[in-house]
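*Asks:* Dropping a structure here in structure tokens format, bear with me for questions.
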Amino acid sequence: MPILSEELPLHFAKMDTSSGMWLIAVANVRETQSGQNLLLKLRLEQSVDDEIFGSRELSVMAPAAVILEAETCAQVIRPNSGLDREN
């Protein structure tokens with residue numbers, strides 16, 4: 001059964017960095033053949049001002065067990081705190 005990007009705890013999470021707040025959107029997710037890992041295409045967006053947004057794209061392979069659980073997923077993004085998710 002396919003995994004939907006919108007169902008991942010990481011989708012629309014916010015990450016606070018030294019350069020400001022970034023929104024993480026999961027653009028695409030696929031399971032590896034073994035099902036133990038996920039291939040993720042992430043889009044990071046940051047508001048510079050009312051008209052300009054910065055963005056980055058990132059591709060990652062991560063253990064499915066970590067990414068599918070909200071608690072462990074939060075530790076990947078910010079090891080010392082919880083994951084803020086905007087609904």
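Letters A, B, ... mark the chains of the structure tokens in the order given; residue numbers begin at 1 per chain; ligand numbers begin at 1, in order shown.
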For A:Leu39, work out the shell of residues within 12 Å, counting only C-alpha atoms and skipping chain neighbours fewer than 4 positions away, then give it as a count of residues only.
*Replies:* 20
*Asks:* Tell me, which residues of chain A carry DSSP helix (DSSP H, G or I), written as a CSV table (one decimal) with N, CA and C atoms, in the first residue's frame?
*Replies:*
chain,number,residue,atom,x,y,z
A,5,SER,N,2.4,11.3,1.2
A,5,SER,CA,3.2,12.4,1.7
A,5,SER,C,2.5,13.1,2.9
A,6,GLU,N,1.2,13.4,2.7
A,6,GLU,CA,0.4,14.1,3.7
A,6,GLU,C,0.2,13.4,5.0
A,7,GLU,N,0.4,12.1,5.0
A,7,GLU,CA,0.3,11.3,6.2
A,7,GLU,C,1.5,11.2,7.1
A,64,ALA,N,12.3,3.7,7.5
A,64,ALA,CA,10.9,3.9,7.5
A,64,ALA,C,10.4,4.0,8.9
A,65,ALA,N,10.9,3.1,9.8
A,65,ALA,CA,10.4,3.1,11.2
A,65,ALA,C,10.6,4.4,11.9
A,66,VAL,N,11.6,5.2,11.5
A,66,VAL,CA,11.9,6.5,12.1
A,66,VAL,C,11.0,7.5,11.6
A,67,ILE,N,10.8,7.6,10.2
A,67,ILE,CA,10.0,8.6,9.6
A,67,ILE,C,8.5,8.4,9.8
A,70,ALA,N,5.8,9.8,14.7
A,70,ALA,CA,5.9,11.2,15.0
A,70,ALA,C,7.0,11.5,16.0
A,71,GLU,N,7.1,10.7,17.1
A,71,GLU,CA,8.1,10.9,18.1
A,71,GLU,C,9.6,10.8,17.6
A,72,THR,N,9.8,9.7,16.8
A,72,THR,CA,11.2,9.5,16.3
A,72,THR,C,11.5,10.5,15.2
A,73,CYS,N,10.5,10.8,14.4
A,73,CYS,CA,10.7,11.7,13.3
A,73,CYS,C,11.1,13.1,13.8
A,74,ALA,N,10.5,13.5,14.9
A,74,ALA,CA,10.8,14.8,15.6
A,74,ALA,C,12.3,14.8,16.0
A,75,GLN,N,12.8,13.7,16.5
A,75,GLN,CA,14.2,13.6,16.9
A,75,GLN,C,15.1,13.8,15.8
A,76,VAL,N,14.7,13.4,14.6
A,76,VAL,CA,15.6,13.5,13.4
A,76,VAL,C,15.8,15.0,13.0
A,77,ILE,N,14.7,15.7,13.1
A,77,ILE,CA,14.7,17.1,12.7
A,77,ILE,C,15.3,18.0,13.8
*Asks:* List as a VMD selection string the protein and nucleic acid residues near A:Glu45, meaning an atom at most 6 Å away when only C-alpha atoms are counted, but skip any in the same chain fewer than 5 places from it.
*Replies:* chain A and resid 22 to 23 54 to 55
*Asks:* Select, from A:Leu38, A:Val48, A:Ile24, A:Met15, the residue with the minimum atom-to-atom distance to A:Pro2, counting only C-alpha atoms.
*Replies:*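 For A:Pro2, the nearest of the candidates is A:Leu38.
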*Asks:* Can you work out which one of A:Gly20, A:Pro9, A:Glu69, A:Ala25 has the shortest atom-to-atom distance to A:Gln46, counting only C-alpha atoms?
*Replies:*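 Nearest to A:Gln46: A:Gly20.
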*Asks:* Just the number, please: distance in Å from atom CA of A:Leu44 to atom CA of A:Arg56, one decimal.
*Replies:*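 About the pair atom CA of A:Leu44 and atom CA of A:Arg56: they are 5.0 Å apart.
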*Asks:* Could you write out, as a CSV table (one decimal) with N, CA and C atoms, in the first residue's frame, all the residues of chain A that DSSP marks as strand (DSSP E or B)?
*Replies:*
chain,number,residue,atom,x,y,z
A,13,ALA,N,5.9,20.3,8.7
A,13,ALA,CA,6.6,20.5,10.0
A,13,ALA,C,7.4,21.8,9.8
A,14,LYS,N,7.6,22.5,11.0
A,14,LYS,CA,8.4,23.7,11.0
A,14,LYS,C,9.8,23.4,11.7
A,15,MET,N,10.8,24.0,11.1
A,15,MET,CA,12.1,23.7,11.7
A,15,MET,C,12.8,25.1,11.9
A,16,ASP,N,13.1,25.4,13.2
A,16,ASP,CA,13.8,26.6,13.5
A,16,ASP,C,15.3,26.5,13.4
A,17,THR,N,15.9,27.3,12.6
A,17,THR,CA,17.4,27.3,12.4
A,17,THR,C,18.0,28.7,12.7
A,20,GLY,N,16.5,31.3,10.6
A,20,GLY,CA,15.1,31.5,10.6
A,20,GLY,C,14.3,30.2,10.5
A,21,MET,N,13.0,30.4,10.4
A,21,MET,CA,12.0,29.3,10.4
A,21,MET,C,11.9,28.8,9.0
A,22,TRP,N,11.9,27.5,8.8
A,22,TRP,CA,11.7,26.8,7.5
A,22,TRP,C,10.5,25.9,7.7
A,23,LEU,N,9.7,25.8,6.6
A,23,LEU,CA,8.5,24.9,6.5
A,23,LEU,C,9.0,23.7,5.7
A,24,ILE,N,8.8,22.5,6.1
A,24,ILE,CA,9.1,21.3,5.4
A,24,ILE,C,7.9,20.7,4.8
A,25,ALA,N,7.9,20.5,3.5
A,25,ALA,CA,6.8,19.9,2.8
A,25,ALA,C,7.4,18.6,2.1
A,26,VAL,N,6.7,17.5,2.3
A,26,VAL,CA,7.2,16.2,1.7
A,26,VAL,C,6.5,16.2,0.3
A,27,ALA,N,7.3,16.4,-0.7
A,27,ALA,CA,6.8,16.4,-2.1
A,27,ALA,C,6.5,15.0,-2.6
A,28,ASN,N,7.4,14.0,-2.2
A,28,ASN,CA,7.2,12.7,-2.7
A,28,ASN,C,7.8,11.7,-1.7
A,29,VAL,N,7.2,10.5,-1.7
A,29,VAL,CA,7.7,9.5,-0.8
A,29,VAL,C,7.6,8.1,-1.5
A,30,ARG,N,8.6,7.3,-1.4
A,30,ARG,CA,8.6,6.0,-2.0
A,30,ARG,C,9.3,5.0,-1.0
A,31,GLU,N,8.8,3.8,-1.0
A,31,GLU,CA,9.4,2.8,-0.2
A,31,GLU,C,10.5,2.1,-1.0
A,37,ASN,N,13.3,1.2,4.2
A,37,ASN,CA,13.7,2.6,4.1
A,37,ASN,C,12.7,3.3,3.2
A,38,LEU,N,12.7,4.7,3.4
A,38,LEU,CA,11.9,5.5,2.5
A,38,LEU,C,12.7,6.5,1.8
A,39,LEU,N,12.4,6.7,0.5
A,39,LEU,CA,13.1,7.8,-0.2
A,39,LEU,C,12.1,9.0,-0.2
A,40,LEU,N,12.6,10.1,0.3
A,40,LEU,CA,11.8,11.3,0.4
A,40,LEU,C,12.4,12.4,-0.4
A,41,LYS,N,11.5,13.1,-1.1
A,41,LYS,CA,11.9,14.4,-1.7
A,41,LYS,C,11.2,15.5,-0.9
A,42,LEU,N,12.0,16.3,-0.3
A,42,LEU,CA,11.5,17.4,0.6
A,42,LEU,C,11.7,18.8,-0.1
A,43,ARG,N,10.8,19.6,0.2
A,43,ARG,CA,10.9,21.0,-0.2
A,43,ARG,C,10.9,21.9,1.0
A,44,LEU,N,11.9,22.7,1.2
A,44,LEU,CA,12.0,23.5,2.4
A,44,LEU,C,11.7,25.0,1.9
A,45,GLU,N,10.8,25.6,2.6
A,45,GLU,CA,10.4,27.0,2.2
A,45,GLU,C,10.6,27.9,3.4
A,46,GLN,N,11.1,29.2,3.1
A,46,GLN,CA,11.3,30.2,4.1
A,46,GLN,C,10.8,31.5,3.6
A,47,SER,N,10.0,32.2,4.4
A,47,SER,CA,9.5,33.5,4.0
A,47,SER,C,10.6,34.6,4.3
A,53,PHE,N,10.0,34.3,-1.2
A,53,PHE,CA,10.2,33.1,-0.4
A,53,PHE,C,11.5,32.4,-0.9
A,54,GLY,N,12.3,31.9,0.1
A,54,GLY,CA,13.4,31.1,-0.3
A,54,GLY,C,13.0,29.7,-0.3
A,55,SER,N,13.6,28.9,-1.1
A,55,SER,CA,13.2,27.4,-1.1
A,55,SER,C,14.5,26.6,-1.4
A,56,ARG,N,14.4,25.4,-0.9
A,56,ARG,CA,15.5,24.4,-1.2
A,56,ARG,C,14.8,23.1,-1.4
A,57,GLU,N,15.4,22.2,-2.2
A,57,GLU,CA,14.9,20.9,-2.4
A,57,GLU,C,16.0,19.9,-1.9
A,58,LEU,N,15.5,18.8,-1.3
A,58,LEU,CA,16.4,17.9,-0.7
A,58,LEU,C,15.9,16.5,-0.9
A,59,SER,N,16.7,15.6,-1.3
A,59,SER,CA,16.3,14.2,-1.4
A,59,SER,C,17.1,13.4,-0.3
A,60,VAL,N,16.3,12.5,0.4
A,60,VAL,CA,16.8,11.8,1.5
A,60,VAL,C,16.4,10.4,1.5
A,61,MET,N,17.2,9.4,2.0
A,61,MET,CA,16.8,8.1,2.3
A,61,MET,C,16.9,7.9,3.8
A,62,ALA,N,15.8,7.5,4.4
A,62,ALA,CA,15.8,7.3,5.9
A,62,ALA,C,15.1,6.1,6.3
A,63,PRO,N,15.4,5.5,7.4
A,63,PRO,CA,14.6,4.3,7.9
A,63,PRO,C,13.1,4.6,8.0
A,84,ASP,N,7.2,20.8,15.6
A,84,ASP,CA,6.0,21.6,15.5
A,84,ASP,C,5.4,21.3,14.1
A,85,ARG,N,4.1,21.0,14.1
A,85,ARG,CA,3.4,20.7,12.9
A,85,ARG,C,2.2,21.7,12.7
